[in-house]
Every structure is written in structure tokens, then in C-alpha cells.
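To be precise, the following lines are coords-v2.txt, and they hold compact mmCIF, C-alpha atoms.
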```
# COMPACT_ATOMS: atom_id res chain seq x y z
CA MET J 1 3.45 39.19 -2.01
CA ARG J 2 1.34 36.62 -0.19
CA ARG J 3 -0.02 37.87 3.16
CA PRO J 4 0.79 35.78 6.22
CA ARG J 5 -2.00 33.51 7.34
CA SER J 6 -3.98 34.73 10.34
CA ALA J 7 -3.97 32.67 13.51
CA SER J 8 -7.69 33.37 14.15
CA PRO J 9 -8.99 30.22 12.34
CA VAL J 10 -6.85 28.08 14.62
CA VAL J 11 -8.18 29.91 17.69
CA TRP J 12 -11.81 29.54 16.62
CA ARG J 13 -11.20 25.83 16.02
CA TRP J 14 -10.29 25.35 19.68
CA LEU J 15 -12.85 27.69 21.26
CA PRO J 16 -15.88 25.33 20.90
CA ALA J 17 -14.00 22.76 22.97
CA LEU J 18 -14.26 25.12 25.95
CA THR J 19 -18.05 25.35 25.69
CA PRO J 20 -18.84 22.43 28.08
CA ALA J 21 -16.45 23.82 30.68
CA ALA J 22 -18.05 27.28 30.41
CA LEU J 23 -21.57 25.86 30.71
CA GLY J 24 -20.53 23.79 33.72
CA ILE J 25 -19.06 26.80 35.50
CA ILE J 26 -22.16 28.91 34.77
CA ALA J 27 -24.45 26.14 36.06
CA SER J 28 -22.33 25.85 39.19
CA ILE J 29 -22.57 29.58 39.88
CA LEU J 30 -26.33 29.57 39.34
CA TRP J 31 -26.83 26.64 41.70
CA GLN J 32 -24.77 28.35 44.37
CA ARG J 33 -26.76 31.59 44.11
CA THR J 34 -30.25 30.14 43.93
CA LEU J 35 -29.95 27.41 46.57
CA SER J 36 -29.04 27.86 50.18
CA GLU J 37 -26.34 25.63 51.56
CA ALA J 38 -28.87 23.62 53.56
CA TYR J 39 -31.02 22.81 50.54
CA VAL J 40 -28.32 22.13 47.92
CA PRO J 41 -29.17 18.71 46.40
CA GLN J 42 -26.61 16.05 47.26
CA LEU J 43 -25.64 13.03 45.13
CA TYR J 44 -24.57 9.58 46.23
CA LEU J 45 -20.89 10.44 45.72
CA ARG J 46 -21.32 13.31 48.14
CA ALA J 47 -20.62 15.87 45.48
CA ASP J 48 -22.98 18.78 45.48
CA LEU J 49 -24.73 19.54 42.20
CA PRO J 50 -22.85 22.80 41.45
CA ALA J 51 -19.48 21.09 41.85
CA LEU J 52 -20.63 18.12 39.77
CA SER J 53 -21.77 20.41 36.95
CA TRP J 54 -18.40 22.13 36.99
CA LEU J 55 -16.51 18.84 36.94
CA CYS J 56 -18.63 17.40 34.11
CA GLY J 57 -18.10 20.49 32.00
CA VAL J 58 -14.34 20.42 32.52
CA PHE J 59 -14.23 16.67 31.79
CA LEU J 60 -16.18 17.06 28.54
CA SER J 61 -13.93 19.91 27.47
CA LEU J 62 -10.83 17.82 28.13
CA VAL J 63 -12.28 14.96 26.10
CA TRP J 64 -13.15 17.34 23.27
CA ILE J 65 -9.69 18.92 23.32
CA ALA J 66 -8.04 15.49 23.32
CA ALA J 67 -10.16 14.30 20.38
CA LEU J 68 -9.46 17.48 18.45
CA GLY J 69 -5.75 17.15 19.17
CA VAL J 70 -5.70 13.57 17.90
CA CYS J 71 -7.56 14.65 14.77
CA LEU J 72 -5.16 17.49 14.06
CA TRP J 73 -2.13 15.30 14.76
CA THR J 74 -3.43 12.62 12.38
CA ARG J 75 -4.08 15.21 9.70
CA HIS J 76 -0.61 16.63 10.16
CA ARG J 77 0.99 13.19 9.87
CA THR J 78 -1.04 12.44 6.75
CA THR J 79 0.03 15.72 5.20
CA GLN J 80 3.66 14.95 5.97
CA GLU J 81 3.40 11.46 4.48
CA VAL J 82 1.77 12.80 1.31
CA ALA J 83 4.47 15.44 0.98
CA ALA J 84 7.21 12.84 1.49
CA THR J 85 5.61 10.54 -1.10
CA ARG J 86 5.41 13.35 -3.61
CA GLN J 87 9.02 14.26 -2.94
CA ARG J 88 10.15 10.67 -3.50
CA ALA J 89 8.11 10.45 -6.69
CA ALA J 90 9.59 13.71 -7.94
CA GLU J 91 13.10 12.50 -7.16
CA GLU J 92 12.51 9.21 -8.95
CA ARG J 93 11.15 11.09 -11.95
CA ARG J 94 14.21 13.37 -12.00
CA ARG J 95 16.49 10.34 -11.77
CA PHE J 96 14.59 8.72 -14.63
CA LEU J 97 14.97 11.82 -16.78
CA ARG J 98 18.70 12.00 -16.03
CA ARG J 99 19.12 8.40 -17.13
CA LEU J 100 16.99 9.02 -20.20
CA ASP J 101 19.15 12.01 -21.11
CA HIS J 102 22.28 9.92 -20.62
CA GLU J 103 21.00 7.00 -22.70
CA LEU J 104 19.87 9.24 -25.57
CA LYS J 105 22.93 11.45 -25.50
CA ASN J 106 25.42 8.66 -26.18
CA PRO J 107 23.77 7.41 -29.41
CA LEU J 108 23.27 10.96 -30.63
CA THR J 109 26.93 11.77 -30.01
CA ALA J 110 27.97 8.66 -31.91
CA ILE J 111 25.68 9.58 -34.81
CA GLN J 112 27.08 13.09 -34.96
CA ALA J 113 30.64 11.81 -34.89
CA ALA J 114 29.91 9.28 -37.62
CA LEU J 115 28.29 11.92 -39.80
CA ALA J 116 31.29 14.17 -39.29
CA ASN J 117 33.57 11.35 -40.44
CA LEU J 118 31.47 10.88 -43.55
CA ALA J 119 32.39 14.36 -44.67
CA TYR J 120 36.07 13.37 -44.77
CA ALA J 121 35.71 9.75 -45.83
CA ASP J 122 36.59 8.62 -49.33
CA ALA J 123 33.90 7.23 -51.56
CA GLY J 124 33.37 3.49 -51.51
CA GLU J 125 34.89 1.47 -48.68
CA GLY J 126 35.71 4.54 -46.60
CA GLN J 127 32.03 5.18 -45.98
CA ALA J 128 31.07 1.66 -44.96
CA GLU J 129 32.18 1.73 -41.32
CA PRO J 130 30.70 5.16 -40.42
CA LEU J 131 27.41 4.22 -42.05
CA GLU J 132 27.24 0.98 -40.07
CA SER J 133 27.83 2.92 -36.87
CA VAL J 134 25.04 5.36 -37.73
CA LYS J 135 22.72 2.47 -38.53
CA ALA J 136 23.46 0.62 -35.27
CA GLN J 137 23.01 3.67 -33.07
CA THR J 138 19.85 4.68 -34.89
CA GLN J 139 18.43 1.20 -34.32
CA ARG J 140 19.31 1.44 -30.64
CA MET J 141 17.50 4.76 -30.32
CA GLY J 142 14.50 3.32 -32.15
CA ALA J 143 14.34 0.36 -29.76
CA LEU J 144 14.66 2.66 -26.75
CA VAL J 145 11.85 4.93 -27.91
CA ALA J 146 9.65 1.91 -28.70
CA ASP J 147 10.22 0.45 -25.23
CA LEU J 148 9.51 3.80 -23.60
CA ARG J 149 6.26 4.01 -25.53
CA LYS J 150 5.26 0.50 -24.43
CA LEU J 151 6.05 1.30 -20.80
CA ALA J 152 3.99 4.50 -20.90
CA GLU J 153 1.03 2.75 -22.53
CA LEU J 154 1.06 -0.03 -19.93
CA GLU J 155 0.22 2.45 -17.18
CA THR J 156 -2.91 3.81 -18.86
CA ARG J 157 -4.28 1.59 -21.61
CA PRO J 158 -7.10 -0.87 -20.78
CA LEU J 159 -6.05 -4.52 -20.88
CA GLU J 160 -7.79 -7.01 -23.17
CA PHE J 161 -8.50 -9.74 -20.61
CA GLY J 162 -9.41 -13.18 -21.78
CA PRO J 163 -8.59 -16.85 -21.14
CA VAL J 164 -4.87 -17.49 -21.63
CA ASN J 165 -3.52 -21.00 -22.24
CA LEU J 166 -0.12 -20.63 -20.62
CA THR J 167 1.29 -23.87 -22.03
CA GLU J 168 0.72 -22.68 -25.59
CA LEU J 169 1.97 -19.19 -24.75
CA LEU J 170 5.22 -20.49 -23.24
CA GLU J 171 5.79 -22.80 -26.21
CA GLU J 172 5.38 -19.90 -28.66
CA ALA J 173 7.68 -17.68 -26.59
CA THR J 174 10.32 -20.42 -26.56
CA MET J 175 10.10 -20.89 -30.35
CA ALA J 176 10.40 -17.14 -30.87
CA ALA J 177 13.46 -16.99 -28.59
CA ARG J 178 15.10 -19.88 -30.46
CA ASP J 179 14.98 -17.78 -33.63
CA GLN J 180 17.53 -15.41 -32.14
CA PRO J 181 21.13 -15.98 -33.27
CA GLU J 182 22.39 -16.42 -29.68
CA ALA J 183 20.06 -19.38 -29.12
CA ASP J 184 22.17 -21.65 -31.36
CA GLU J 185 25.04 -21.61 -28.83
CA ARG J 186 22.97 -22.00 -25.67
CA ALA J 187 20.83 -24.80 -24.24
CA LEU J 188 17.29 -23.39 -24.08
CA THR J 189 14.68 -25.72 -22.56
CA LEU J 190 11.00 -25.48 -21.62
CA THR J 191 9.48 -27.48 -18.76
CA VAL J 192 5.71 -27.37 -18.13
CA PRO J 193 3.57 -29.89 -16.19
CA ARG J 194 1.75 -32.48 -18.27
CA ALA J 195 0.56 -34.94 -15.60
CA PRO J 196 -1.66 -35.36 -13.73
CA TRP J 197 -3.01 -32.14 -15.24
CA PRO J 198 -1.59 -29.30 -17.34
CA LEU J 199 -1.20 -25.69 -16.32
CA PRO J 200 -4.57 -24.01 -15.66
CA GLU J 201 -5.76 -21.14 -17.76
CA ILE J 202 -5.51 -17.66 -16.33
CA SER J 203 -7.39 -14.47 -17.15
CA GLY J 204 -5.11 -11.92 -18.75
CA ASP J 205 -3.88 -10.06 -21.80
CA TRP J 206 -2.22 -12.70 -24.01
CA ASP J 207 0.01 -10.26 -25.90
CA LEU J 208 1.36 -8.57 -22.77
CA ILE J 209 2.10 -11.82 -20.95
CA PHE J 210 3.87 -13.09 -24.08
CA LEU J 211 5.87 -9.83 -24.18
CA ALA J 212 6.93 -10.27 -20.53
CA VAL J 213 8.08 -13.89 -21.00
CA TYR J 214 9.82 -13.14 -24.31
CA ASN J 215 11.67 -10.18 -22.73
CA LEU J 216 12.98 -12.44 -19.97
CA LEU J 217 14.17 -15.04 -22.48
CA SER J 218 15.80 -12.34 -24.62
CA ASN J 219 17.62 -10.98 -21.56
CA ALA J 220 18.83 -14.45 -20.65
CA LEU J 221 20.14 -15.02 -24.19
CA LYS J 222 21.77 -11.60 -24.27
CA PHE J 223 23.60 -11.78 -20.95
CA THR J 224 24.77 -15.39 -21.03
CA GLN J 225 27.75 -16.89 -22.84
CA PRO J 226 27.92 -19.68 -25.43
CA GLY J 227 27.46 -23.01 -23.68
CA ASP J 228 25.28 -21.62 -20.87
CA THR J 229 21.89 -23.09 -19.98
CA ILE J 230 18.56 -21.26 -19.99
CA GLU J 231 15.44 -22.87 -18.55
CA LEU J 232 11.85 -21.70 -18.87
CA ARG J 233 9.79 -23.44 -16.16
CA ALA J 234 6.16 -23.23 -15.08
CA SER J 235 4.13 -24.67 -12.20
CA GLU J 236 1.21 -23.84 -9.92
CA ASP J 237 0.85 -23.55 -6.16
CA GLY J 238 -2.94 -23.69 -5.88
CA ARG J 239 -3.46 -19.94 -6.03
CA ASN J 240 -0.91 -18.70 -8.55
CA VAL J 241 0.76 -19.84 -11.72
CA ILE J 242 4.53 -19.53 -11.35
CA ILE J 243 6.73 -18.84 -14.38
CA GLU J 244 10.51 -18.90 -13.98
CA VAL J 245 13.31 -18.00 -16.37
CA ALA J 246 16.62 -19.32 -15.02
CA ASP J 247 20.10 -19.08 -16.54
CA THR J 248 23.70 -19.96 -15.72
CA GLY J 249 24.97 -16.51 -16.66
CA PRO J 250 27.23 -14.13 -14.74
CA GLY J 251 24.61 -13.27 -12.12
CA ILE J 252 23.83 -9.93 -10.48
CA SER J 253 25.41 -8.54 -7.33
CA ALA J 254 23.26 -8.16 -4.21
CA GLU J 255 23.58 -4.37 -4.34
CA GLU J 256 22.17 -4.21 -7.89
CA GLN J 257 19.35 -6.73 -7.61
CA ALA J 258 16.84 -4.20 -6.28
CA LEU J 259 17.87 -1.63 -8.90
CA VAL J 260 17.55 -3.71 -12.06
CA TRP J 261 13.75 -3.22 -12.02
CA GLU J 262 14.14 0.54 -12.41
CA GLU J 263 13.72 2.19 -15.79
CA LEU J 264 16.94 2.60 -17.78
CA TYR J 265 19.13 1.08 -15.07
CA ARG J 266 21.97 -1.02 -16.46
CA ALA J 267 23.85 -3.41 -14.20
CA GLU J 268 27.62 -3.23 -14.22
CA ALA J 269 27.95 -6.48 -16.17
CA ALA J 270 25.50 -5.20 -18.81
CA ARG J 271 27.14 -1.86 -19.56
CA GLY J 272 28.89 -3.12 -22.71
CA ILE J 273 25.88 -5.05 -24.05
CA PRO J 274 23.35 -3.28 -26.30
CA GLY J 275 19.97 -2.73 -24.69
CA SER J 276 17.50 -0.08 -23.55
CA GLY J 277 17.47 -0.90 -19.83
CA LEU J 278 13.68 -1.13 -19.93
CA GLY J 279 13.17 -4.89 -20.30
CA LEU J 280 12.67 -5.75 -16.63
CA ALA J 281 10.65 -2.56 -16.04
CA LEU J 282 8.26 -3.68 -18.78
CA VAL J 283 8.03 -7.16 -17.23
CA ARG J 284 7.24 -5.76 -13.80
CA ALA J 285 4.59 -3.40 -15.21
CA VAL J 286 2.87 -6.24 -17.12
CA VAL J 287 2.81 -8.52 -14.07
CA ALA J 288 1.55 -5.73 -11.80
CA ARG J 289 -1.32 -4.93 -14.19
CA HIS J 290 -2.36 -8.59 -13.90
CA GLY J 291 -2.36 -8.48 -10.09
CA GLY J 292 0.83 -10.52 -9.84
CA ARG J 293 4.37 -10.08 -8.59
CA ALA J 294 7.82 -10.32 -10.17
CA THR J 295 10.90 -11.23 -8.12
CA LEU J 296 14.53 -11.96 -8.83
CA ARG J 297 17.16 -14.22 -7.24
CA SER J 298 20.75 -14.20 -8.34
CA ARG J 299 24.20 -15.38 -7.32
CA PRO J 300 27.21 -13.73 -8.93
CA GLY J 301 29.13 -16.25 -10.98
CA GLN J 302 26.31 -18.83 -10.89
CA GLY J 303 23.24 -17.37 -12.54
CA THR J 304 19.87 -15.66 -12.16
CA VAL J 305 16.23 -16.71 -11.70
CA VAL J 306 13.36 -14.33 -12.46
CA THR J 307 10.00 -15.48 -11.07
CA LEU J 308 6.57 -14.29 -12.20
CA ARG J 309 3.54 -15.07 -10.02
CA LEU J 310 0.23 -14.62 -11.79
CA PRO J 311 -3.14 -15.26 -10.08
CA MET J 312 -5.15 -18.16 -11.48
CA THR J 313 -8.54 -17.70 -13.10
CA GLN J 314 -11.26 -17.38 -10.46
CA GLU J 315 -13.93 -20.06 -10.68
```
Do you think you could lay out the structure here as C-alpha cells?
Amino acid sequence: MRRPRSASPVVWRWLPALTPAALGIIASILWQRTLSEAYVPQLYLRADLPALSWLCGVFLSLVWIAALGVCLWTRHRTTQEVAATRQRAAEERRRFLRRLDHELKNPLTAIQAALANLAYADAGEGQAEPLESVKAQTQRMGALVADLRKLAELETRPLEFGPVNLTELLEEATMAARDQPEADERALTLTVPRAPWPLPEISGDWDLIFLAVYNLLSNALKFTQPGDTIELRASEDGRNVIIEVADTGPGISAEEQALVWEELYRAEAARGIPGSGLGLALVRAVVARHGGRATLRSRPGQGTVVTLRLPMTQE
């Protein structure tokens, strides 16, 4: 069993602060014993030297004690803040693991149920539906694991920085998004400045920025309905390049807008739509690694705008 900590270190920490007061008192006593009252040196403030020594010692001790108290109070506050930060991080990690368990448990349960049905299914057509279910859930688990791997790598792997032509990148992301089946029933447009000058180049990792933009376009295609509009826009404000993905989808409630950036969080409107819940978390991680910021604006029933601000290349 751990022995209780002794209070002596705390006492010894405060004892040196009393040294000036002790020296002042000793000097005062010595002055009083060695000098007669008639020959005690007087100062301009009419304080005799023994009394002045005593007062200076006490004053220095008070200053020392006050400084030591401030130091200890600051250290205590810092310790409390570090402990609170660690507690919040631990809670967020536990919440992440609970969501991960929930997201992996559902596909596994479906796979197990489908395999159980295969044992009783007739040969031929009877096996088609269970096999399709197994295939779909397995693909979902594969996508989830792949996204988790990407998110983990983003936090540690070095980025391959280089000049990035954003106009070309956005055009390629738009073409890739138009290859998805949902794009045929939605109006997907790209708007980038051409005059008086095009978008400036930025310094970044081309593949990761492409991944972030493509994820936003994929989300917009996934959560909108046939006939909706999706716009990919870009501009600059002198210090940042601004990329926006806007849609006329169902929107996100105010209560959920701050939560959609969290890993594995699924908004209420997205619960019945396949997905890993890691798309926006990946986008935020990519933008943060580039020194930028990702924000979201949404109005339920009208649509959503996700904005990426990336710093321009320094001259």
C-alpha cells in the first residue's frame, strides 16, 4: 500500500520565504544592543535603523510569500486544466469506441443472420438474396475500415507538400463525382474564377486535398434527392483560397451541425443511408493538416454549405 505523502516538503518550500524577516529581526536586535539610544543612526523618514531593518525584512518576506503563492496557484491551475483536458480526451475516445462498436456490430449481425439463412435456403434462387446481403454488409465494413485507416494515417504520416493547381484539382474532382450513378439525376456544377486571374496555386498534398473535395461531393450526391442542385465553388479573399460545396438537400438541424464533424456520427436524416460516418472527419483532418479551417452552414429543408479555407502559397 502506498504510504501517505509527508507534509515536510511543503513546509521546507515555505521556510526560505521567512529568511528576510528573520535576518531583519536579528539585525534590529543587534542594533538595539550595540548602540545607545542617543547614538542610534536616524534616517530621513525618522525611522531608526533597527526598526527599518525589521520592516525591510518583513516586507521582503511578504513579497516572497506572495510570489511563491502565485507560483503554486498557477501550477495548481495548470495541473487542473491538464487533468480536465485528459479527462475530456478520454471521454471522447470512449465515445468513439462505443460508436465504432455499434457501427461494426450491425453489419456483423446482418452477416451472421444471412449466413444462418443460407443453411436453410434452397439451392439456386433461394441463395441469391442472402448472398447479396452478405456482400453489401461486407462492402460496408470494408469501406469503414478503409476510412478508419485513412483517418489514423492523417494524424501521423508526413504530407507530400507541393504546388497544387486548384482549378485542375476541382475539375478532376467534379468529373470523378459525375461518374457516380446519383449524378445523372442531379445538377452538379463547378464555378471557378477565370478573369481577371485564375485561382492561385497553394502549397499542399494534392491527393489529400482531392480526397477532401471528393468526399464533400460524394456526401452531397448521397444525401440529396433527384432534381436537387449541387454547386462546387471556389474563390480567394487575399489570404485564403475558399472552396465551397453547396446543395439543396434536406439540411442539418442546428443541434447536429457541431456533431457531424465527429468520427462515426450519423445525423438523423442520414441514418438510413449507407456510409461510414467518417467523411466529414476526414475532410476536417485534411484541412487542419494544411493549416486551414472547415466550417458548415445549413438550414433544414433548404440545404447545406461546407466551406474549406486553405492558406495561399507564401511568396
field: Computed interatomic separation between CA of Arg299 (chain J) and CA of Gln257 (chain J) (Å)
entry: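 Between these atoms lies a distance of 9.9 Å.
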message: Excluding Val192 (chain J) and its own-chain neighbours fewer than 6 positions away, which residues fall within 7 Å of it when counting all atoms listed in the file? Please give them as a ChimeraX atom specification.
response: /J:167,233-235
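Of the residues listed (J:Trp261, J:Trp73, J:Trp54, J:Trp206), J:Trp206 shows the shortest atom-to-atom separation from Glu168 (chain J); distances use only C-alpha atoms.
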- request: Could you jot down the CA of Ser61 (chain J) to CA of Ala27 (chain J) separation for me, Å, one decimal place?
  value: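 These two atoms are separated by 14.9 Å.
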field: For CA of Pro193 (chain J) and CA of Pro311 (chain J), the interatomic separation in Å (one decimal)
entry: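 Rounded to one decimal, the two atoms are 17.2 Å apart.
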- prompt: Any idea what's packed within 10 Å of region 209-217 of chain J, counting all atoms listed in the file, ignoring anything in its chain fewer than 3 positions away? Could you give it as a VMD selection string?
  reply: chain J and resid 164 166 169 to 170 172 to 178 183 188 204 to 206 220 to 222 230 to 232 243 to 247 278 to 287 290 305 to 308 310
query: So which one's closest to Gly227 (chain J), J:Leu199, J:Ala187, J:Ala67, J:Ile111? Using all atoms listed in the file, please.
result: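 That would be J:Ala187, the residue with the smallest distance to Gly227 (chain J).
Remark: for Ile242 (chain J), the closest of the candidate residues J:Phe161, J:Pro200, J:Ala83, J:Leu62 is J:Pro200 (distances computed over all atoms listed in the file).
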- request: For Ser298 (chain J), list every protein, DNA or RNA residue within 6 Å, evaluated using only C-alpha atoms, and leave out those in the same chain fewer than 4 positions away; present the list as a list in words.
  value: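 These residues fall inside the cut-off: Gly251, Ile252, Gly303 and Thr304 of chain J.
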query: Which residue gives the smallest distance to Phe59 (chain J) among J:Ala294, J:Ile25, J:Val260, J:Leu72, with all atoms listed in the file counted?
result: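 Result for the nearest residue to Phe59 (chain J): J:Ile25.
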